[in-house]
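Visitor: Got a file for you: data.csv, CSV, C-alpha atoms.
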chain,number,residue,atom,x,y,z
A,1,MET,CA,103.9,105.5,82.9
A,2,SER,CA,102.9,108.2,85.3
A,3,ASN,CA,104.0,111.7,84.5
A,4,ILE,CA,104.8,113.9,87.6
A,5,ILE,CA,104.7,117.7,87.3
A,6,TRP,CA,107.0,119.3,89.8
A,7,HIS,CA,106.1,122.8,91.1
A,8,GLU,CA,109.2,124.9,91.0
A,9,THR,CA,109.1,128.0,93.3
A,10,ASN,CA,112.6,129.5,92.7
A,11,MET,CA,112.5,131.6,95.9
A,12,SER,CA,115.0,134.5,96.3
A,13,ASN,CA,113.5,135.7,99.6
A,14,TYR,CA,110.9,134.8,102.2
A,15,ASN,CA,108.1,136.2,100.0
A,16,TYR,CA,109.5,136.4,96.5
A,17,PRO,CA,108.4,135.5,93.9
A,18,SER,CA,104.7,136.3,94.8
A,19,PRO,CA,102.4,134.7,95.9
A,20,TYR,CA,104.7,132.3,97.7
A,21,VAL,CA,105.6,132.9,101.4
A,22,ILE,CA,108.1,131.0,103.4
A,23,THR,CA,108.1,130.9,107.2
A,24,THR,CA,110.0,128.8,109.8
A,25,ASN,CA,110.5,128.4,113.5
A,26,ASN,CA,114.2,127.8,113.3
A,27,GLU,CA,117.1,128.8,111.0
A,28,ARG,CA,120.9,129.5,111.2
A,29,ALA,CA,122.4,132.7,109.9
A,30,GLY,CA,123.3,132.3,106.2
A,31,HIS,CA,121.1,129.2,105.9
A,32,GLU,CA,117.6,130.8,105.8
A,33,ALA,CA,114.5,128.7,105.3
A,34,TRP,CA,113.6,130.1,101.9
A,35,LYS,CA,116.8,128.5,100.5
A,36,ALA,CA,115.1,125.1,100.7
A,37,PHE,CA,112.8,126.3,97.9
A,38,ASP,CA,115.3,128.3,95.7
A,39,ASN,CA,116.1,125.5,93.3
A,40,ILE,CA,119.8,126.1,93.9
A,41,LEU,CA,122.1,123.4,95.1
A,42,ASN,CA,125.8,123.6,96.1
A,43,ASN,CA,125.4,124.1,99.9
A,44,ASN,CA,122.7,126.7,99.4
A,45,GLN,CA,120.5,125.1,102.0
A,46,TRP,CA,118.1,125.6,105.0
A,47,SER,CA,119.6,124.6,108.3
A,48,PRO,CA,117.8,124.9,111.7
A,49,ASN,CA,119.7,126.1,114.8
A,50,SER,CA,118.9,122.8,116.5
A,51,PRO,CA,119.3,119.3,115.0
A,52,SER,CA,115.6,118.4,115.5
A,53,ASN,CA,112.1,119.8,115.6
A,54,GLY,CA,112.8,122.5,113.0
A,55,TRP,CA,110.1,123.2,110.4
A,56,VAL,CA,109.7,125.2,107.3
A,57,MET,CA,106.3,126.1,105.8
A,58,ILE,CA,105.4,127.3,102.3
A,59,ASP,CA,102.2,129.2,101.5
A,60,PHE,CA,101.5,128.6,97.8
A,61,GLY,CA,98.8,131.4,97.7
A,62,LYS,CA,96.2,128.9,96.5
A,63,ALA,CA,95.4,125.3,97.0
A,64,TYR,CA,97.1,122.4,95.2
A,65,PRO,CA,96.5,118.7,95.4
A,66,PHE,CA,100.2,117.7,95.7
A,67,THR,CA,100.8,114.0,96.1
A,68,LYS,CA,104.6,113.9,95.7
A,69,LEU,CA,107.5,115.5,97.6
A,70,LYS,CA,111.1,115.2,96.7
A,71,LEU,CA,113.9,116.2,99.2
A,72,LYS,CA,117.6,116.7,98.8
A,73,ASN,CA,120.1,116.7,101.7
A,74,GLY,CA,122.4,119.6,102.2
A,75,ASN,CA,125.8,118.2,101.3
A,76,THR,CA,128.0,115.1,101.6
A,77,ASN,CA,128.1,115.3,105.4
A,78,THR,CA,125.9,112.2,106.0
A,79,THR,CA,125.5,112.8,109.8
A,80,ALA,CA,123.6,116.0,109.1
A,81,THR,CA,121.3,114.3,106.6
A,82,PRO,CA,117.6,114.4,107.6
A,83,LYS,CA,116.4,111.1,109.0
A,84,ASP,CA,112.8,111.3,110.4
A,85,VAL,CA,110.5,113.9,108.7
A,86,ARG,CA,106.8,114.6,108.9
A,87,ILE,CA,104.7,116.5,106.3
A,88,GLU,CA,101.6,118.4,107.3
A,89,ALA,CA,99.2,120.4,105.2
A,90,SER,CA,96.4,122.9,105.8
A,91,HIS,CA,93.6,124.7,104.1
A,92,ASP,CA,93.9,127.9,106.2
A,93,GLY,CA,97.3,127.9,107.9
A,94,ILE,CA,95.8,127.1,111.3
A,95,VAL,CA,94.5,123.5,111.3
A,96,PHE,CA,97.0,121.1,109.9
A,97,ASN,CA,96.7,117.4,108.8
A,98,VAL,CA,99.5,115.0,108.7
A,99,VAL,CA,99.9,113.9,105.1
A,100,GLY,CA,103.1,111.8,105.4
A,101,SER,CA,105.7,110.5,107.9
A,102,PHE,CA,109.0,109.0,106.7
A,103,THR,CA,112.4,107.8,107.7
A,104,LEU,CA,114.8,108.8,104.9
A,105,PRO,CA,117.9,106.8,103.9
A,106,GLN,CA,121.4,108.0,104.8
A,107,ILE,CA,122.7,109.2,101.4
A,108,ALA,CA,126.3,110.4,101.0
A,109,SER,CA,125.5,112.6,98.1
A,110,ASP,CA,124.0,116.0,97.5
A,111,THR,CA,122.8,115.1,94.0
A,112,ILE,CA,120.3,112.4,94.9
A,113,TRP,CA,116.6,113.2,95.6
A,114,ASP,CA,114.3,111.3,98.0
A,115,THR,CA,110.9,111.1,96.3
A,116,LEU,CA,108.0,110.6,98.8
A,117,ASP,CA,104.3,109.8,98.3
A,118,ILE,CA,102.2,112.2,100.4
A,119,ASN,CA,98.5,113.2,100.6
A,120,SER,CA,97.1,109.9,99.4
A,121,ASN,CA,93.6,111.3,99.4
A,122,GLU,CA,94.6,113.9,96.8
A,123,LEU,CA,93.0,116.8,98.7
A,124,SER,CA,93.9,120.3,97.8
A,125,TYR,CA,95.9,122.3,100.4
A,126,ARG,CA,97.3,125.8,100.3
A,127,PHE,CA,99.9,125.5,103.2
A,128,TYR,CA,102.5,122.7,103.3
A,129,LYS,CA,104.9,122.2,106.3
A,130,ILE,CA,108.0,120.0,106.5
A,131,TYR,CA,109.2,119.0,110.0
A,132,LEU,CA,112.8,117.7,110.5
A,133,LEU,CA,112.6,115.5,113.5
A,134,SER,CA,116.0,113.9,113.6
A,135,ASN,CA,119.3,113.4,111.7
A,136,TYR,CA,121.9,110.7,111.4
A,137,GLY,CA,124.0,111.8,114.4
A,138,HIS,CA,125.2,115.4,113.9
A,139,SER,CA,125.0,117.1,117.3
A,140,SER,CA,124.0,120.6,116.1
A,141,VAL,CA,123.0,120.7,112.4
A,142,THR,CA,120.5,119.2,110.1
A,143,GLN,CA,120.6,120.3,106.5
A,144,LEU,CA,118.0,120.4,103.8
A,145,SER,CA,119.1,121.7,100.4
A,146,GLU,CA,115.9,121.5,98.4
A,147,ALA,CA,112.2,120.6,98.7
A,148,MET,CA,109.8,120.4,95.8
A,149,PHE,CA,106.2,119.4,95.7
A,150,GLY,CA,104.5,117.8,92.7
A,151,ALA,CA,101.6,115.7,91.5
A,152,ILE,CA,100.7,113.2,88.8
A,153,ASP,CA,99.6,114.8,85.5
A,154,TYR,CA,96.1,113.6,85.1
A,155,ARG,CA,95.9,115.0,81.7
A,156,ARG,CA,97.8,111.9,80.7
A,157,VAL,CA,97.0,109.2,83.3
A,158,ILE,CA,93.3,108.9,83.8
A,159,VAL,CA,92.5,105.4,85.3
A,160,LYS,CA,94.5,102.5,86.4
A,161,ASN,CA,93.6,98.8,86.6
A,162,PRO,CA,94.3,97.7,90.2
A,163,THR,CA,95.0,94.1,89.1
A,164,THR,CA,97.3,94.6,86.1
A,165,ASN,CA,98.5,98.1,87.0
A,166,GLN,CA,97.8,99.1,83.4
A,167,HIS,CA,97.0,102.8,82.8
A,168,TYR,CA,94.2,104.0,80.6
A,169,SER,CA,94.6,107.4,79.2
A,170,LEU,CA,93.1,109.9,76.8
A,171,SER,CA,96.6,110.6,75.4
A,172,ASP,CA,97.1,107.1,74.0
A,173,ASN,CA,93.3,106.4,73.2
A,174,THR,CA,93.0,103.5,75.7
A,175,LEU,CA,90.4,105.0,78.0
A,176,ILE,CA,87.6,103.8,75.6
A,177,HIS,CA,88.7,101.6,72.8
A,178,LEU,CA,86.7,102.0,69.5
A,179,PRO,CA,87.8,100.0,66.5
A,180,ASP,CA,88.9,102.0,63.5
A,181,ASN,CA,87.4,99.6,61.0
A,182,THR,CA,84.8,96.9,62.0
A,183,ALA,CA,81.8,95.2,60.5
A,184,LYS,CA,80.1,95.1,63.9
A,185,ASN,CA,77.5,97.6,64.9
A,186,MET,CA,79.2,100.6,66.5
A,187,ILE,CA,77.0,100.2,69.5
A,188,LEU,CA,79.3,97.3,70.5
A,189,HIS,CA,81.8,99.2,72.6
A,190,GLY,CA,85.1,97.9,73.9
A,191,ILE,CA,85.7,98.5,77.6
A,192,GLU,CA,89.2,97.0,77.5
A,193,GLN,CA,91.1,95.8,74.5
A,194,GLY,CA,89.9,92.3,73.7
A,195,LYS,CA,86.8,92.5,75.9
A,196,GLU,CA,83.4,93.8,74.9
A,197,ILE,CA,80.0,94.6,76.3
A,198,GLN,CA,77.1,94.4,73.8
A,199,LEU,CA,74.7,97.2,74.5
A,200,ASP,CA,72.1,96.5,71.7
A,201,VAL,CA,70.8,93.3,73.4
A,202,PRO,CA,67.2,93.9,74.8
A,203,PHE,CA,67.8,95.2,78.3
A,204,GLY,CA,65.5,92.6,80.0
A,205,LYS,CA,67.5,89.7,78.5
A,206,HIS,CA,71.0,91.1,79.2
A,207,ARG,CA,73.1,88.6,81.2
A,208,PHE,CA,74.4,91.4,83.4
A,209,LEU,CA,70.9,92.2,84.6
A,210,ASN,CA,70.8,93.0,88.4
A,211,ASP,CA,67.7,91.3,89.9
A,212,LYS,CA,68.4,92.6,93.4
A,213,PRO,CA,66.6,95.8,94.6
A,214,VAL,CA,68.6,99.0,94.4
A,215,ALA,CA,68.0,101.8,96.8
A,216,ASN,CA,66.1,104.8,95.4
A,217,VAL,CA,65.9,103.2,91.9
A,218,SER,CA,62.7,101.7,90.3
A,219,GLY,CA,62.8,99.2,87.4
A,220,LYS,CA,65.6,97.1,86.2
A,221,VAL,CA,69.3,98.0,86.7
A,222,PHE,CA,72.2,97.2,84.5
A,223,THR,CA,75.5,96.6,86.4
A,224,HIS,CA,78.8,95.3,85.5
A,225,ASP,CA,82.1,95.4,87.4
A,226,ILE,CA,84.9,96.2,84.8
A,227,GLY,CA,87.6,96.0,87.4
A,228,LYS,CA,88.7,99.7,87.1
A,229,ILE,CA,88.9,102.4,89.7
A,230,ASN,CA,87.5,105.7,88.3
A,231,THR,CA,89.7,108.6,89.2
A,232,LEU,CA,88.3,111.0,86.7
A,233,ASN,CA,86.4,113.2,89.1
A,234,ILE,CA,86.8,112.8,92.8
A,235,LYS,CA,85.7,115.7,95.0
A,236,GLU,CA,85.7,116.2,98.7
A,237,PHE,CA,82.7,118.1,100.1
A,238,LEU,CA,83.9,120.0,103.2
A,239,GLU,CA,81.6,120.9,106.1
A,240,ASN,CA,80.9,124.6,106.1
A,241,LYS,CA,83.0,126.2,108.7
A,242,SER,CA,84.0,129.7,109.6
A,243,ILE,CA,87.2,131.3,110.9
A,244,VAL,CA,86.7,133.1,114.2
A,245,THR,CA,89.5,135.5,115.5
A,246,THR,CA,89.6,136.3,119.2
A,247,TRP,CA,91.7,139.5,119.8
A,248,TYR,CA,93.2,140.1,123.2
A,249,GLU,CA,92.4,143.7,123.8
A,250,THR,CA,94.9,145.4,126.2
A,251,ASN,CA,93.8,149.1,126.3
A,252,MET,CA,96.9,150.1,128.3
A,253,THR,CA,97.2,153.5,129.8
A,254,SER,CA,100.8,153.1,131.1
A,255,ASN,CA,103.5,150.5,130.8
A,256,ASN,CA,102.0,148.5,133.7
A,257,THR,CA,98.4,149.4,133.6
A,258,PRO,CA,96.0,147.7,133.6
A,259,SER,CA,97.5,144.9,135.8
A,260,PRO,CA,98.9,142.3,135.2
A,261,LEU,CA,99.9,143.6,131.7
A,262,VAL,CA,103.4,145.0,131.4
A,263,ALA,CA,104.7,146.6,128.2
A,264,SER,CA,108.4,147.3,127.6
A,265,ALA,CA,110.8,148.1,124.8
A,266,SER,CA,114.5,148.1,124.1
A,267,SER,CA,114.3,152.0,124.1
A,268,GLU,CA,111.7,154.7,124.0
A,269,TYR,CA,111.9,158.1,122.2
A,270,ARG,CA,110.9,160.9,124.6
A,271,GLY,CA,107.3,160.2,125.6
A,272,TYR,CA,106.6,157.5,123.0
A,273,SER,CA,106.3,154.7,125.5
A,274,ALA,CA,105.8,151.0,124.7
A,275,CYS,CA,102.3,151.0,126.2
A,276,LEU,CA,101.1,153.3,123.4
A,277,ALA,CA,101.3,150.5,120.9
A,278,PHE,CA,99.0,148.5,123.2
A,279,ASP,CA,96.5,151.2,124.0
A,280,GLY,CA,93.9,150.0,121.6
A,281,ASN,CA,94.1,153.3,119.7
A,282,ALA,CA,95.4,153.1,116.1
A,283,GLU,CA,95.5,156.9,115.8
A,284,SER,CA,99.1,157.7,114.9
A,285,ASP,CA,98.9,161.4,113.9
A,286,GLY,CA,98.4,162.4,117.5
A,287,GLY,CA,101.6,160.7,118.7
A,288,MET,CA,99.9,157.7,120.2
A,289,ILE,CA,102.7,155.4,119.1
A,290,TRP,CA,105.7,153.6,120.4
A,291,ALA,CA,109.0,154.8,118.9
A,292,SER,CA,112.6,153.6,119.6
A,293,ALA,CA,115.3,156.0,120.6
A,294,THR,CA,117.1,157.8,117.8
A,295,GLY,CA,119.8,155.8,116.2
A,296,GLN,CA,118.5,152.5,117.7
A,297,ALA,CA,115.9,151.4,115.1
A,298,ILE,CA,117.8,148.3,114.0
A,299,ASN,CA,117.4,145.4,116.5
A,300,SER,CA,115.0,147.4,118.5
A,301,TRP,CA,112.2,145.5,120.2
A,302,ILE,CA,108.8,145.9,121.9
A,303,LYS,CA,107.4,143.3,124.3
A,304,LEU,CA,104.2,142.5,126.1
A,305,ASP,CA,103.9,140.4,129.3
A,306,TYR,CA,100.4,139.2,129.7
A,307,GLY,CA,101.0,138.0,133.3
A,308,GLU,CA,99.7,134.6,132.3
A,309,ASN,CA,99.7,132.4,129.2
A,310,ARG,CA,97.7,133.4,126.1
A,311,GLU,CA,97.0,131.1,123.1
A,312,ILE,CA,98.1,133.1,120.0
A,313,ASN,CA,98.6,132.4,116.3
A,314,THR,CA,98.1,135.8,114.6
A,315,VAL,CA,99.1,139.4,115.1
A,316,SER,CA,97.6,142.7,113.9
A,317,ILE,CA,100.0,145.6,113.3
A,318,VAL,CA,99.2,149.3,112.5
A,319,PRO,CA,102.1,151.5,111.3
A,320,ARG,CA,102.4,155.3,111.5
A,321,ALA,CA,100.8,157.9,109.3
A,322,GLU,CA,102.2,158.9,105.9
A,323,LYS,CA,104.7,161.5,107.1
A,324,TYR,CA,107.1,159.0,108.8
A,325,LEU,CA,106.0,155.8,107.2
A,326,SER,CA,109.2,155.0,105.2
A,327,GLN,CA,111.6,156.3,107.9
A,328,GLN,CA,110.2,154.4,110.8
A,329,THR,CA,108.1,151.4,109.7
A,330,PRO,CA,109.7,148.0,110.1
A,331,LYS,CA,110.6,146.2,106.8
A,332,ASP,CA,112.2,143.0,108.2
A,333,PHE,CA,111.1,141.8,111.6
A,334,ILE,CA,110.5,138.7,113.7
A,335,VAL,CA,107.7,137.8,116.2
A,336,GLU,CA,108.7,135.6,119.2
A,337,SER,CA,107.2,134.1,122.3
A,338,SER,CA,108.6,132.9,125.7
A,339,ASN,CA,107.4,131.5,128.9
A,340,ASN,CA,110.3,132.8,131.0
A,341,ASP,CA,111.4,136.0,129.3
A,342,SER,CA,114.7,134.3,128.5
A,343,ASN,CA,114.3,131.5,126.0
A,344,TRP,CA,112.5,132.7,122.9
A,345,SER,CA,110.8,130.8,120.1
A,346,THR,CA,110.3,132.3,116.6
A,347,LEU,CA,106.6,132.4,115.6
A,348,GLY,CA,107.1,134.2,112.3
A,349,LYS,CA,109.8,136.1,110.3
A,350,PHE,CA,108.5,138.7,107.9
A,351,SER,CA,109.6,141.1,105.2
A,352,VAL,CA,106.9,143.6,104.4
A,353,THR,CA,107.2,146.5,102.0
A,354,SER,CA,103.5,147.0,101.3
A,355,TRP,CA,102.5,149.0,104.4
A,356,LYS,CA,99.7,151.5,104.1
A,357,PRO,CA,99.6,154.6,106.5
A,358,SER,CA,97.6,153.9,109.7
A,359,THR,CA,96.2,150.7,108.1
A,360,GLU,CA,96.0,147.4,109.9
A,361,LEU,CA,98.1,144.4,108.6
A,362,THR,CA,97.2,140.9,109.9
A,363,LEU,CA,99.9,138.2,109.8
A,364,PRO,CA,99.7,134.5,110.6
A,365,LEU,CA,102.0,133.1,113.4
A,366,THR,CA,102.9,129.7,114.5
A,367,HIS,CA,100.6,128.6,117.4
A,368,SER,CA,101.9,129.5,120.8
A,369,ASN,CA,100.6,129.3,124.4
A,370,SER,CA,103.0,131.7,126.2
A,371,ARG,CA,103.2,134.6,128.6
A,372,TYR,CA,105.6,136.9,126.7
A,373,TYR,CA,105.4,138.1,123.1
A,374,LYS,CA,107.9,140.3,121.4
A,375,ILE,CA,108.4,142.0,118.0
A,376,THR,CA,112.1,142.7,117.0
A,377,VAL,CA,112.8,145.1,114.2
A,378,LEU,CA,115.7,144.0,111.9
A,379,SER,CA,115.4,146.9,109.4
A,380,VAL,CA,113.1,149.8,108.5
A,381,LEU,CA,111.7,150.6,105.0
A,382,ASP,CA,114.2,153.3,104.0
A,383,GLY,CA,117.2,151.3,105.5
A,384,THR,CA,118.2,154.0,108.0
A,385,ASN,CA,118.9,153.4,111.7
A,386,ASN,CA,117.1,156.4,113.2
A,387,ASN,CA,113.8,155.5,114.8
A,388,ALA,CA,111.5,152.5,114.6
A,389,SER,CA,107.8,153.0,115.4
A,390,LEU,CA,104.5,151.2,115.6
A,391,ALA,CA,101.0,152.7,116.2
A,392,ASP,CA,99.1,149.6,117.4
A,393,ILE,CA,99.7,145.9,118.1
A,394,LYS,CA,97.2,143.2,118.9
A,395,PHE,CA,97.7,139.5,119.3
A,396,GLY,CA,95.0,137.0,118.8
A,397,LEU,CA,93.8,133.5,118.2
A,398,ARG,CA,92.2,132.4,114.9
A,399,GLU,CA,90.1,129.2,115.1
A,400,VAL,CA,88.0,127.2,112.6
A,401,LYS,CA,84.6,126.7,114.1
Show me this structure written as structure tokens.

Guide:
Amino acid sequence: MSNIIWHETNMSNYNYPSPYVITTNNERAGHEAWKAFDNILNNNQWSPNSPSNGWVMIDFGKAYPFTKLKLKNGNTNTTATPKDVRIEASHDGIVFNVVGSFTLPQIASDTIWDTLDINSNELSYRFYKIYLLSNYGHSSVTQLSEAMFGAIDYRRVIVKNPTTNQHYSLSDNTLIHLPDNTAKNMILHGIEQGKEIQLDVPFGKHRFLNDKPVANVSGKVFTHDIGKINTLNIKEFLENKSIVTTWYETNMTSNNTPSPLVASASSEYRGYSACLAFDGNAESDGGMIWASATGQAINSWIKLDYGENREINTVSIVPRAEKYLSQQTPKDFIVESSNNDSNWSTLGKFSVTSWKPSTELTLPLTHSNSRYYKITVLSVLDGTNNNASLADIKFGLREVK
């Protein structure tokens, strides 16, 4: 029997425990995306704001060849149960491959798992994304209590006979069957119990001699189809590619120069205008930063209007220097995009405590082709509500070429 090892993440936040990182494009207050990976049931679930097209992504920190995924719905409300789901995976968090599409049964229980077969090629991926595409009729809520990835333990199951479905494994000594006590020459090896190939017969007289030419091989060739599929060592050789990042340099000198760029913010402290975060100068000691008004750090925002659509899937942020680092640098924040400056889509939600003074931090975002991009500060490092500030912001597009 196959033995599946399930990878438990036990998340207690978006990025704890390390190295796991959870991101989403959609979540309701109190039903955050990381709760789908916390291994806790009893209504502790992820729930998108809309009933369809919500996704949650987990970055495992390194690649795993997961072939199984089990999902558990949020509670006994069957109309909010996920119906159509799609699973995607990526090596770099940019280019994704579909590794499974499913229609789940409508289950009136929060204790039953749906176990799905994914990634039939057994490739190793670092990023796995779960899309909820529809539910069983609820008008506003789809609920996912738990998601857990896993794979067959190949330390136990090695090969499988495609005809009989019998497994041959090192753990039960059936991969190569050698008799414990026999009068026969030990060069007579068993390939399957009850079947033998005699290897001490002169090669030229062997009944399995292949008389047909074999490419790139001289002399006689011994072949025999033993009806097994070898899964001991399957490797994929990927084409050498590189990741290229195109940064949209803004070099602003005022909130609306150069045209058509327009920088704005929820508030500005004295002369610390929004454009100073888009001036291309990461120097923060000289005051070349944006800062919110005093007492307005929480829920403060800074926004850039490109005047036309820009393809973006990454952002580079530089904080202030050491003196005001903990008092003004964002801890929890979200990055959003919009095409009309009214309806906003979340590209990433982050919690960062490892800022270094005047040092660039690059973060991955969900791909967007939009005109407006905004960063909203939900809290600062020391938890106060005085000022929020940023020294430099650059949006860009990372591509595999």

Visitor: Just checking: using only C-alpha atoms, which residue out of A:Pro65, A:Val244, A:Asn39, A:Thr115 ends up closest to Val400 in chain A?

Guide: A:Val244

Visitor: In terms of the shortest atom-to-atom distance over only C-alpha atoms, which of A:Asp341, A:Asp59, A:Glu268, A:Glu360 is closest to Ile317 in chain A?

Guide: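 Under the stated criterion, the closest residue is A:Glu360.
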
Visitor: One decimal, in Å: what's the spacing between CA of Thr359 in chain A and CA of Pro319 in chain A?

Guide: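 Distance between the two atoms: 6.8 Å.
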
Visitor: Dump as a ChimeraX atom specification all residues having an atom at most 7 Å from (102.3, 124.3, 106.7), computed in the file's coordinates with only C-alpha atoms.

Guide: /A:57-58,88-90,93,96,127-129

Visitor: If I take CA of Pro364 in chain A and CA of Asn313 in chain A, how far is one from the other in Å, to one decimal?

Guide: 6.2 Å

Visitor: Please compute the CA of His367 in chain A-CA of Trp55 in chain A distance, one decimal, in Å.

Guide: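 Spanning CA of His367 in chain A to CA of Trp55 in chain A is a straight-line distance of 13.0 Å.
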
Visitor: Can you pull out the residues contacting Ser342 in chain A? Cut-off 12 Å, using all atoms listed in the file, and skip same-chain residues under 3 positions away; I want them as a list in words.

Guide: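 Near Ser342 in chain A, the qualifying residues are Glu336, Ser337, Ser338, Asn339, Ser345, Arg371, Tyr372, Tyr373 and Lys374 of chain A.
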
Visitor: Around the point (94.9, 132.8, 117.1), in the coordinates given by the file, pick out the residues reaching within 9 Å, counting only C-alpha atoms, and return them as a ChimeraX atom specification.

Guide: /A:94,244-247,311-315,364-368,395-399

Visitor: Find the residues around range 378-389 of chain A up to 8 Å (all atoms listed in the file counted), leave out those fewer than 4 positions away in its own chain, and share them as a list in words.

Guide: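 Contacts, in chain order: Ile289, Trp290, Ala291, Ser292, Ala293, Thr294, Gly295, Gln296, Ala297, Ile298, Asn299, Ser300, Pro319, Arg320, Ser326, Gln327, Gln328, Thr329, Pro330, Lys331, Asp332, Phe333, Ile334 and Thr353 of chain A.
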
Visitor: Write out as a PyMOL selection string each polymer residue whose atoms come within 12 Å of Asp114 in chain A, counting only C-alpha atoms; drop sequence neighbours fewer than 2 positions from it.

Guide: chain A and resi 68-73+81-83+85+102-107+109-112+116-117+144-149

Visitor: For Tyr16 in chain A, which residue among A:Ser50, A:Tyr269, A:Ser101, A:Val352 is the nearest when counting all atoms listed in the file?

Guide: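 Closest to Tyr16 in chain A of all the choices is A:Val352.
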